[in-house]
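start.txt (compact mmCIF, N, CA and C atoms and all ligand atoms) appears below.
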```
# COMPACT_ATOMS: atom_id res chain seq x y z
N MET A 1 0.84 -1.20 0.00
CA MET A 1 0.00 0.00 0.00
C MET A 1 0.88 1.25 0.00
N TRP A 2 0.73 2.06 -1.03
CA TRP A 2 1.68 3.15 -1.27
C TRP A 2 1.69 4.23 -0.19
N SER A 3 0.57 4.44 0.48
CA SER A 3 0.53 5.56 1.44
C SER A 3 0.75 5.11 2.88
N LYS A 4 1.12 3.86 3.08
CA LYS A 4 1.27 3.31 4.43
C LYS A 4 2.36 4.06 5.21
N ARG A 5 2.01 4.55 6.40
CA ARG A 5 2.96 5.29 7.23
C ARG A 5 2.59 5.16 8.70
N ARG A 6 3.49 5.67 9.53
CA ARG A 6 3.31 5.65 10.99
C ARG A 6 2.89 4.25 11.49
N THR A 7 3.61 3.25 11.04
CA THR A 7 3.31 1.87 11.42
C THR A 7 3.75 1.61 12.87
N VAL A 8 2.86 0.98 13.62
CA VAL A 8 3.20 0.55 14.98
C VAL A 8 3.12 -0.97 14.98
N ASP A 9 4.22 -1.58 15.42
CA ASP A 9 4.33 -3.03 15.43
C ASP A 9 4.03 -3.55 16.84
N TYR A 10 3.17 -4.54 16.96
CA TYR A 10 2.78 -5.04 18.27
C TYR A 10 3.36 -6.42 18.58
N SER A 11 4.45 -6.80 17.89
CA SER A 11 4.95 -8.17 18.07
C SER A 11 5.51 -8.41 19.47
N LEU A 12 6.01 -7.36 20.11
CA LEU A 12 6.53 -7.51 21.48
C LEU A 12 5.40 -7.86 22.45
N GLN A 13 4.31 -7.09 22.34
CA GLN A 13 3.15 -7.34 23.20
C GLN A 13 2.55 -8.71 22.90
N ARG A 14 2.58 -9.07 21.61
CA ARG A 14 2.03 -10.36 21.19
C ARG A 14 2.81 -11.50 21.84
N ARG A 15 4.15 -11.35 21.83
CA ARG A 15 5.00 -12.39 22.42
C ARG A 15 4.73 -12.50 23.92
N ARG A 16 4.56 -11.35 24.57
CA ARG A 16 4.28 -11.35 26.01
C ARG A 16 2.94 -12.03 26.30
N THR A 17 1.94 -11.74 25.48
CA THR A 17 0.62 -12.36 25.67
C THR A 17 0.72 -13.88 25.51
N LEU A 18 1.52 -14.32 24.53
CA LEU A 18 1.69 -15.76 24.31
C LEU A 18 2.40 -16.42 25.49
N GLU A 19 3.40 -15.72 26.04
CA GLU A 19 4.10 -16.26 27.22
C GLU A 19 3.15 -16.38 28.40
N ASP A 20 2.31 -15.34 28.59
CA ASP A 20 1.32 -15.36 29.67
C ASP A 20 0.34 -16.52 29.47
N LEU A 21 -0.04 -16.71 28.22
CA LEU A 21 -0.99 -17.77 27.89
C LEU A 21 -0.40 -19.14 28.23
N ARG A 22 0.87 -19.34 27.83
CA ARG A 22 1.50 -20.63 28.11
C ARG A 22 1.60 -20.85 29.61
N GLY A 23 1.86 -19.78 30.35
CA GLY A 23 1.89 -19.86 31.80
C GLY A 23 0.54 -20.27 32.36
N ALA A 24 -0.50 -19.65 31.83
CA ALA A 24 -1.85 -19.93 32.30
C ALA A 24 -2.27 -21.36 31.96
N LEU A 25 -1.79 -21.86 30.83
CA LEU A 25 -2.22 -23.18 30.38
C LEU A 25 -1.63 -24.31 31.22
N ARG A 26 -0.49 -24.04 31.86
CA ARG A 26 0.09 -25.06 32.72
C ARG A 26 -0.85 -25.39 33.88
N THR A 27 -1.70 -24.45 34.22
CA THR A 27 -2.60 -24.67 35.35
C THR A 27 -4.03 -24.95 34.88
N LEU A 28 -4.21 -25.11 33.59
CA LEU A 28 -5.56 -25.33 33.06
C LEU A 28 -5.62 -26.62 32.26
N GLU A 29 -6.76 -27.25 32.28
CA GLU A 29 -6.95 -28.49 31.54
C GLU A 29 -7.29 -28.22 30.08
N SER A 30 -8.03 -27.19 29.83
CA SER A 30 -8.58 -26.98 28.50
C SER A 30 -8.06 -25.70 27.87
N ARG A 31 -8.64 -25.37 26.78
CA ARG A 31 -8.27 -24.16 26.07
C ARG A 31 -9.12 -22.97 26.49
N ASP A 32 -9.74 -23.10 27.66
CA ASP A 32 -10.62 -22.04 28.11
C ASP A 32 -9.91 -20.73 28.39
N ALA A 33 -8.58 -20.78 28.39
CA ALA A 33 -7.82 -19.55 28.64
C ALA A 33 -8.14 -18.50 27.58
N LEU A 34 -8.56 -18.96 26.40
CA LEU A 34 -8.88 -18.03 25.33
C LEU A 34 -10.38 -17.89 25.23
N ASP A 35 -10.84 -16.70 25.45
CA ASP A 35 -12.27 -16.47 25.44
C ASP A 35 -12.58 -15.36 24.43
N ALA A 36 -12.67 -15.75 23.18
CA ALA A 36 -12.86 -14.74 22.14
C ALA A 36 -14.32 -14.28 22.07
N ASP A 37 -14.48 -13.03 21.80
CA ASP A 37 -15.80 -12.45 21.58
C ASP A 37 -16.44 -13.12 20.36
N PRO A 38 -17.64 -13.69 20.50
CA PRO A 38 -18.30 -14.35 19.35
C PRO A 38 -18.43 -13.42 18.14
N MET A 39 -18.58 -12.12 18.41
CA MET A 39 -18.68 -11.14 17.32
C MET A 39 -17.39 -11.10 16.51
N LEU A 40 -16.27 -11.25 17.22
CA LEU A 40 -14.97 -11.21 16.56
C LEU A 40 -14.80 -12.43 15.65
N ILE A 41 -15.20 -13.59 16.15
CA ILE A 41 -15.11 -14.82 15.36
C ILE A 41 -16.01 -14.71 14.12
N ARG A 42 -17.23 -14.19 14.32
CA ARG A 42 -18.15 -14.04 13.20
C ARG A 42 -17.58 -13.07 12.16
N ALA A 43 -17.00 -11.96 12.65
CA ALA A 43 -16.40 -10.99 11.74
C ALA A 43 -15.26 -11.63 10.95
N ALA A 44 -14.46 -12.45 11.63
CA ALA A 44 -13.33 -13.10 10.97
C ALA A 44 -13.83 -14.04 9.86
N LEU A 45 -14.92 -14.75 10.13
CA LEU A 45 -15.46 -15.69 9.15
C LEU A 45 -16.00 -14.97 7.92
N HIS A 46 -16.59 -13.80 8.13
CA HIS A 46 -17.26 -13.12 7.02
C HIS A 46 -16.43 -12.05 6.34
N HIS A 47 -15.54 -11.40 7.07
CA HIS A 47 -14.81 -10.26 6.50
C HIS A 47 -13.30 -10.42 6.54
N GLY A 48 -12.80 -11.54 7.01
CA GLY A 48 -11.37 -11.68 7.23
C GLY A 48 -10.59 -12.06 5.98
N ASP A 49 -9.29 -11.77 6.03
CA ASP A 49 -8.37 -12.19 4.98
C ASP A 49 -7.51 -13.32 5.54
N LEU A 50 -7.52 -14.47 4.86
CA LEU A 50 -6.73 -15.62 5.30
C LEU A 50 -5.25 -15.32 5.11
N THR A 51 -4.44 -15.60 6.13
CA THR A 51 -3.00 -15.35 6.04
C THR A 51 -2.25 -16.68 5.87
N GLU A 52 -0.94 -16.58 5.71
CA GLU A 52 -0.09 -17.77 5.64
C GLU A 52 0.41 -18.16 7.04
N ARG A 53 0.17 -17.30 8.03
CA ARG A 53 0.68 -17.56 9.38
C ARG A 53 -0.24 -18.54 10.11
N ARG A 54 0.39 -19.40 10.90
CA ARG A 54 -0.38 -20.38 11.66
C ARG A 54 -0.67 -19.87 13.07
N CYS A 55 -1.70 -20.40 13.67
CA CYS A 55 -2.10 -20.01 15.03
C CYS A 55 -0.91 -20.21 15.98
N PRO A 56 -0.48 -19.15 16.67
CA PRO A 56 0.68 -19.26 17.55
C PRO A 56 0.34 -19.87 18.91
N ALA A 57 -0.94 -19.98 19.22
CA ALA A 57 -1.36 -20.46 20.54
C ALA A 57 -1.39 -21.99 20.57
N PHE A 58 -2.09 -22.60 19.61
CA PHE A 58 -2.23 -24.06 19.61
C PHE A 58 -1.96 -24.69 18.25
N ASP A 59 -1.43 -23.91 17.32
CA ASP A 59 -1.14 -24.39 15.97
C ASP A 59 -2.38 -25.04 15.32
N CYS A 60 -3.53 -24.41 15.51
CA CYS A 60 -4.80 -24.95 15.00
C CYS A 60 -4.89 -24.92 13.49
N GLY A 61 -4.36 -23.86 12.90
CA GLY A 61 -4.51 -23.67 11.46
C GLY A 61 -4.08 -22.27 11.11
N ARG A 62 -4.50 -21.82 9.94
CA ARG A 62 -4.07 -20.51 9.47
C ARG A 62 -4.87 -19.40 10.13
N LEU A 63 -4.19 -18.30 10.38
CA LEU A 63 -4.82 -17.15 11.02
C LEU A 63 -5.57 -16.32 10.00
N ILE A 64 -6.59 -15.65 10.47
CA ILE A 64 -7.36 -14.72 9.66
C ILE A 64 -7.08 -13.31 10.18
N GLU A 65 -6.94 -12.38 9.27
CA GLU A 65 -6.71 -10.99 9.68
C GLU A 65 -7.93 -10.13 9.40
N LEU A 66 -8.20 -9.25 10.35
CA LEU A 66 -9.25 -8.26 10.19
C LEU A 66 -8.61 -6.88 10.20
N HIS A 67 -9.14 -5.99 9.36
CA HIS A 67 -8.60 -4.63 9.27
C HIS A 67 -9.70 -3.65 9.66
N TYR A 68 -9.56 -3.11 10.86
CA TYR A 68 -10.52 -2.11 11.36
C TYR A 68 -10.03 -0.73 10.95
N THR A 69 -10.94 0.10 10.45
CA THR A 69 -10.56 1.44 10.00
C THR A 69 -11.23 2.51 10.87
N PHE A 70 -10.42 3.49 11.26
CA PHE A 70 -10.92 4.59 12.09
C PHE A 70 -10.39 5.92 11.57
N GLY A 71 -11.22 6.95 11.67
CA GLY A 71 -10.75 8.28 11.31
C GLY A 71 -11.90 9.25 11.17
N ASP A 72 -11.61 10.54 11.46
CA ASP A 72 -12.63 11.58 11.36
C ASP A 72 -13.19 11.66 9.94
N GLN A 73 -12.30 11.49 8.95
CA GLN A 73 -12.75 11.65 7.56
C GLN A 73 -13.66 10.52 7.10
N LEU A 74 -13.71 9.43 7.86
CA LEU A 74 -14.60 8.32 7.49
C LEU A 74 -16.03 8.58 7.96
N GLY A 75 -16.18 9.60 8.80
CA GLY A 75 -17.52 9.95 9.27
C GLY A 75 -18.18 8.79 9.99
N GLN A 76 -19.42 8.51 9.64
CA GLN A 76 -20.17 7.47 10.31
C GLN A 76 -19.63 6.06 10.01
N TYR A 77 -18.76 5.98 9.01
CA TYR A 77 -18.22 4.66 8.64
C TYR A 77 -16.96 4.30 9.40
N SER A 78 -16.51 5.20 10.29
CA SER A 78 -15.36 4.90 11.12
C SER A 78 -15.67 3.69 12.00
N GLY A 79 -14.72 2.77 12.08
CA GLY A 79 -14.94 1.56 12.88
C GLY A 79 -15.28 0.34 12.05
N ARG A 80 -15.46 0.53 10.74
CA ARG A 80 -15.82 -0.60 9.87
C ARG A 80 -14.62 -1.48 9.57
N ILE A 81 -14.90 -2.75 9.26
CA ILE A 81 -13.88 -3.70 8.83
C ILE A 81 -13.77 -3.63 7.31
N LYS A 82 -12.53 -3.57 6.80
CA LYS A 82 -12.32 -3.48 5.35
C LYS A 82 -11.34 -4.55 4.89
N SER A 83 -11.50 -5.00 3.64
CA SER A 83 -10.57 -5.95 3.05
C SER A 83 -9.37 -5.18 2.48
N ILE A 84 -8.31 -5.90 2.15
CA ILE A 84 -7.12 -5.26 1.58
C ILE A 84 -7.47 -4.50 0.28
N PRO A 85 -8.21 -5.11 -0.67
CA PRO A 85 -8.57 -4.33 -1.88
C PRO A 85 -9.37 -3.07 -1.54
N GLU A 86 -10.24 -3.14 -0.55
CA GLU A 86 -11.00 -1.95 -0.15
C GLU A 86 -10.06 -0.89 0.44
N LEU A 87 -9.09 -1.32 1.23
CA LEU A 87 -8.13 -0.37 1.81
C LEU A 87 -7.36 0.33 0.70
N GLU A 88 -6.97 -0.45 -0.33
CA GLU A 88 -6.21 0.12 -1.44
C GLU A 88 -7.02 1.17 -2.19
N GLU A 89 -8.32 0.95 -2.29
CA GLU A 89 -9.19 1.95 -2.91
C GLU A 89 -9.32 3.19 -2.03
N MET A 90 -9.47 2.95 -0.74
CA MET A 90 -9.68 4.05 0.21
C MET A 90 -8.47 4.98 0.31
N GLU A 91 -7.28 4.45 0.00
CA GLU A 91 -6.06 5.26 0.08
C GLU A 91 -6.18 6.55 -0.71
N SER A 92 -6.82 6.50 -1.88
CA SER A 92 -6.93 7.72 -2.69
C SER A 92 -8.30 8.39 -2.56
N GLU A 93 -9.13 7.87 -1.66
CA GLU A 93 -10.44 8.49 -1.43
C GLU A 93 -10.47 9.33 -0.15
N TYR A 94 -9.52 9.06 0.75
CA TYR A 94 -9.48 9.76 2.03
C TYR A 94 -8.08 10.29 2.29
N GLY A 95 -8.03 11.41 3.01
CA GLY A 95 -6.73 12.00 3.33
C GLY A 95 -5.96 11.20 4.35
N GLU A 96 -6.66 10.78 5.37
CA GLU A 96 -5.99 10.08 6.45
C GLU A 96 -6.96 9.25 7.27
N PHE A 97 -6.61 8.00 7.48
CA PHE A 97 -7.36 7.15 8.42
C PHE A 97 -6.41 6.09 8.94
N THR A 98 -6.77 5.53 10.11
CA THR A 98 -5.90 4.56 10.77
C THR A 98 -6.48 3.16 10.60
N VAL A 99 -5.60 2.21 10.33
CA VAL A 99 -5.98 0.81 10.19
C VAL A 99 -5.40 0.02 11.37
N TYR A 100 -6.22 -0.77 12.03
CA TYR A 100 -5.75 -1.67 13.07
C TYR A 100 -5.94 -3.10 12.57
N THR A 101 -4.85 -3.82 12.43
CA THR A 101 -4.91 -5.20 11.96
C THR A 101 -4.93 -6.15 13.16
N VAL A 102 -5.95 -6.99 13.22
CA VAL A 102 -6.10 -7.95 14.31
C VAL A 102 -6.07 -9.35 13.71
N GLU A 103 -5.27 -10.25 14.30
CA GLU A 103 -5.25 -11.64 13.82
C GLU A 103 -6.16 -12.47 14.72
N VAL A 104 -6.85 -13.42 14.08
CA VAL A 104 -7.82 -14.25 14.80
C VAL A 104 -7.65 -15.70 14.37
N CYS A 105 -7.69 -16.62 15.35
CA CYS A 105 -7.80 -18.05 15.04
C CYS A 105 -9.23 -18.44 15.35
N ILE A 106 -9.96 -18.89 14.33
CA ILE A 106 -11.38 -19.19 14.55
C ILE A 106 -11.56 -20.53 15.27
N GLU A 107 -10.47 -21.31 15.37
CA GLU A 107 -10.57 -22.60 16.07
C GLU A 107 -10.52 -22.41 17.59
N CYS A 108 -9.47 -21.73 18.06
CA CYS A 108 -9.28 -21.62 19.52
C CYS A 108 -9.64 -20.25 20.05
N GLY A 109 -9.82 -19.30 19.17
CA GLY A 109 -10.19 -17.97 19.64
C GLY A 109 -9.02 -17.03 19.89
N TRP A 110 -7.80 -17.51 19.64
CA TRP A 110 -6.65 -16.62 19.79
C TRP A 110 -6.89 -15.35 18.97
N ASN A 111 -6.63 -14.19 19.57
CA ASN A 111 -6.70 -12.95 18.79
C ASN A 111 -5.76 -11.94 19.41
N HIS A 112 -5.15 -11.16 18.56
CA HIS A 112 -4.21 -10.14 19.03
C HIS A 112 -4.03 -9.08 17.96
N ILE A 113 -3.80 -7.86 18.39
CA ILE A 113 -3.49 -6.80 17.43
C ILE A 113 -2.09 -7.06 16.86
N VAL A 114 -1.95 -6.93 15.55
CA VAL A 114 -0.67 -7.19 14.87
C VAL A 114 0.06 -5.88 14.63
N GLU A 115 -0.64 -4.94 14.02
CA GLU A 115 -0.03 -3.64 13.74
C GLU A 115 -1.12 -2.61 13.52
N SER A 116 -0.71 -1.36 13.59
CA SER A 116 -1.60 -0.28 13.18
C SER A 116 -0.79 0.63 12.27
N TYR A 117 -1.47 1.29 11.36
CA TYR A 117 -0.79 2.21 10.45
C TYR A 117 -1.80 3.20 9.89
N VAL A 118 -1.26 4.24 9.29
CA VAL A 118 -2.09 5.29 8.71
C VAL A 118 -2.03 5.16 7.20
N LEU A 119 -3.19 5.33 6.55
CA LEU A 119 -3.28 5.35 5.08
C LEU A 119 -3.97 6.64 4.65
N GLY A 120 -3.86 6.96 3.37
CA GLY A 120 -4.57 8.11 2.81
C GLY A 120 -3.64 9.00 2.02
N ASP A 121 -4.25 9.80 1.15
CA ASP A 121 -3.46 10.64 0.24
C ASP A 121 -3.12 12.02 0.82
N SER A 122 -3.42 12.24 2.10
CA SER A 122 -3.10 13.49 2.81
C SER A 122 -3.90 14.70 2.33
N VAL A 123 -4.83 14.51 1.41
CA VAL A 123 -5.70 15.61 0.99
C VAL A 123 -6.80 15.76 2.05
N VAL A 124 -6.94 17.00 2.56
CA VAL A 124 -7.94 17.23 3.60
C VAL A 124 -9.34 17.27 2.98
N ARG A 125 -10.21 16.43 3.48
CA ARG A 125 -11.59 16.39 2.98
C ARG A 125 -12.55 16.44 4.16
N LYS A 126 -13.75 16.86 3.87
CA LYS A 126 -14.79 16.81 4.90
C LYS A 126 -15.29 15.38 4.99
N PRO A 127 -15.73 14.97 6.19
CA PRO A 127 -16.31 13.64 6.30
C PRO A 127 -17.54 13.53 5.40
N PRO A 128 -17.85 12.33 4.91
CA PRO A 128 -19.05 12.17 4.08
C PRO A 128 -20.29 12.58 4.86
N ARG A 129 -21.26 13.14 4.16
CA ARG A 129 -22.50 13.52 4.83
C ARG A 129 -23.17 12.28 5.39
N LYS A 130 -23.69 12.45 6.58
CA LYS A 130 -24.32 11.31 7.24
C LYS A 130 -25.58 10.91 6.48
N SER A 131 -25.62 9.66 6.06
CA SER A 131 -26.85 9.18 5.43
C SER A 131 -27.58 8.29 6.42
N PRO A 132 -28.90 8.30 6.40
CA PRO A 132 -29.64 7.55 7.42
C PRO A 132 -29.36 6.07 7.36
N THR A 133 -29.23 5.46 8.50
CA THR A 133 -29.02 4.01 8.58
C THR A 133 -30.29 3.37 9.09
N VAL A 134 -30.31 2.07 9.07
CA VAL A 134 -31.47 1.32 9.56
C VAL A 134 -31.78 1.72 11.00
N GLU A 135 -30.68 1.95 11.79
CA GLU A 135 -30.86 2.33 13.19
C GLU A 135 -31.56 3.69 13.31
N ASP A 136 -31.19 4.64 12.40
CA ASP A 136 -31.81 5.96 12.44
C ASP A 136 -33.32 5.87 12.14
N ILE A 137 -33.65 5.02 11.20
CA ILE A 137 -35.04 4.94 10.76
C ILE A 137 -35.91 4.19 11.77
N TYR A 138 -35.38 3.07 12.29
CA TYR A 138 -36.20 2.25 13.17
C TYR A 138 -35.83 2.38 14.65
N GLY A 139 -34.87 3.26 14.93
CA GLY A 139 -34.48 3.46 16.31
C GLY A 139 -33.66 2.31 16.82
ZN ZN B 201 -5.79 -21.47 17.41
```

I'd like the structure from this file rewritten - as structure tokens, please.
Amino acid sequence: MWSKRRTVDYSLQRRRTLEDLRGALRTLESRDALDADPMLIRAALHHGDLTERRCPAFDCGRLIELHYTFGDQLGQYSGRIKSIPELEEMESEYGEFTVYTVEVCIECGWNHIVESYVLGDSVVRKPPRKSPTVEDIYG
């Protein structure tokens, strides 16, 4: 992605979480140490990008990545999950927004933030006009 900048790498925190998990598992019988939000698993199944990386917790299978987008210029759409092709399109549609990449294992529920970064063409734009959503109409 050509406009990728201000990348924050979370591999240190990820390693610490994995060490804590292994510590916790010595005292546990099951995989209950991982308690993933069902919404996160559902999002991974429907909107995720399959990676080549394997689950670091229990080696269940390949990890899925979710890309959450946030920014003032996204207006009411801030917080949505986007695919890589969508992010590539958004780069030239918005001046600046932040992407948080989260990896998820749908088998055991392992999930962790991988990185965050900023995308956009740096052109200042107004947020899109708010259009009514189902929630606005039906409360
Ligand atoms: Zn797993």

Do you know which residues are at most 5 Å from A:Val102 counting only N, CA and C atoms, after dropping those on the same chain fewer than 3 positions away, and could you put them as a PDB file with N, CA and C atoms, in the frame of the given file?
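Saved the output as selection-v8.pdb:
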```
ATOM      1  N   GLU A  65      -6.940 -12.380   9.270  1.00  0.00           N
ATOM      2  CA  GLU A  65      -6.710 -10.990   9.680  1.00  0.00           C
ATOM      3  C   GLU A  65      -7.930 -10.130   9.400  1.00  0.00           C
ATOM      4  N   LEU A  66      -8.200  -9.250  10.350  1.00  0.00           N
ATOM      5  CA  LEU A  66      -9.250  -8.260  10.190  1.00  0.00           C
ATOM      6  C   LEU A  66      -8.610  -6.880  10.200  1.00  0.00           C
ATOM      7  N   HIS A 112      -5.150 -11.160  18.560  1.00  0.00           N
ATOM      8  CA  HIS A 112      -4.210 -10.140  19.030  1.00  0.00           C
ATOM      9  C   HIS A 112      -4.030  -9.080  17.960  1.00  0.00           C
ATOM     10  N   ILE A 113      -3.800  -7.860  18.390  1.00  0.00           N
ATOM     11  CA  ILE A 113      -3.490  -6.800  17.430  1.00  0.00           C
ATOM     12  C   ILE A 113      -2.090  -7.060  16.860  1.00  0.00           C
ATOM     13  N   VAL A 114      -1.950  -6.930  15.550  1.00  0.00           N
ATOM     14  CA  VAL A 114      -0.670  -7.190  14.870  1.00  0.00           C
ATOM     15  C   VAL A 114       0.060  -5.880  14.630  1.00  0.00           C
TER      16      VAL A 114
END
```

> With distances taken over only N, CA and C atoms, which of A:Leu63, A:Cys108, A:Cys55, A:Ile84 is nearest to A:Asp35?
Replying inline: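 Using only N, CA and C atoms, A:Asp35 sits closest to A:Cys108.
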
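Residues in contact range of stretch 47-52 of chain A, defined as at most 7 Å between all atoms listed in the file, with sequence neighbours fewer than 2 positions away removed, read Arg42, Ala43, Ala44, Leu45, Arg54, Arg62, Leu63, Ile64, Glu65, Leu66, His67, Ile81, Lys82, Ser83 and Ile84 of chain A.
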
Per residue of chain A within 8 Å of ligand ZN 201 (chain B), note the shortest atom pair and the distance in Å to one decimal, counting only N, CA and C atoms and all ligand atoms, and order the rows by chain and increasing residue number, as JSON lines.
```
{"residue": "A:Arg54", "atom": "C", "partner": "B:ZN201", "partner_atom": "ZN", "distance": 6.9}
{"residue": "A:Cys55", "atom": "CA", "partner": "B:ZN201", "partner_atom": "ZN", "distance": 4.6}
{"residue": "A:Pro56", "atom": "N", "partner": "B:ZN201", "partner_atom": "ZN", "distance": 5.8}
{"residue": "A:Ala57", "atom": "N", "partner": "B:ZN201", "partner_atom": "ZN", "distance": 5.4}
{"residue": "A:Phe58", "atom": "N", "partner": "B:ZN201", "partner_atom": "ZN", "distance": 4.5}
{"residue": "A:Asp59", "atom": "N", "partner": "B:ZN201", "partner_atom": "ZN", "distance": 5.0}
{"residue": "A:Cys60", "atom": "N", "partner": "B:ZN201", "partner_atom": "ZN", "distance": 4.2}
{"residue": "A:Gly61", "atom": "N", "partner": "B:ZN201", "partner_atom": "ZN", "distance": 5.3}
{"residue": "A:Arg62", "atom": "N", "partner": "B:ZN201", "partner_atom": "ZN", "distance": 7.6}
{"residue": "A:Leu63", "atom": "CA", "partner": "B:ZN201", "partner_atom": "ZN", "distance": 7.8}
{"residue": "A:Val104", "atom": "C", "partner": "B:ZN201", "partner_atom": "ZN", "distance": 6.8}
{"residue": "A:Cys105", "atom": "CA", "partner": "B:ZN201", "partner_atom": "ZN", "distance": 4.6}
{"residue": "A:Ile106", "atom": "N", "partner": "B:ZN201", "partner_atom": "ZN", "distance": 5.8}
{"residue": "A:Glu107", "atom": "C", "partner": "B:ZN201", "partner_atom": "ZN", "distance": 4.8}
{"residue": "A:Cys108", "atom": "N", "partner": "B:ZN201", "partner_atom": "ZN", "distance": 3.7}
{"residue": "A:Gly109", "atom": "N", "partner": "B:ZN201", "partner_atom": "ZN", "distance": 4.9}
{"residue": "A:Trp110", "atom": "N", "partner": "B:ZN201", "partner_atom": "ZN", "distance": 5.0}
{"residue": "A:Asn111", "atom": "N", "partner": "B:ZN201", "partner_atom": "ZN", "distance": 7.6}
```

>> Using DSSP assignments from the backbone, pull out every residue in chain A that falls under strand (DSSP E) and give it to me as number ranges by chain.
In response: A: 5-9, 49-54, 62-70, 97-104, 111-119

> Please, which residues of chain A, numbered as in this document, come out alpha helix (DSSP H) from DSSP, as a ChimeraX atom specification?
Replying inline: /A:11-25,38-47,84-90,134-138

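A straight-line distance of 25.7 Å separates atom C of A:Arg22 from atom C of A:Tyr100.
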
>> Report, in Å with one decimal, the straight-line distance from atom N of A:Phe97 to atom N of A:Lys130.
In response: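 Result for atom N of A:Phe97 versus atom N of A:Lys130: 17.7 Å, one decimal.
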
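Proximity ranking of A:Thr69, A:Gln13, A:Ser3, A:Gln76 relative to A:Ser131 places A:Gln76 first, based on all atoms listed in the file.
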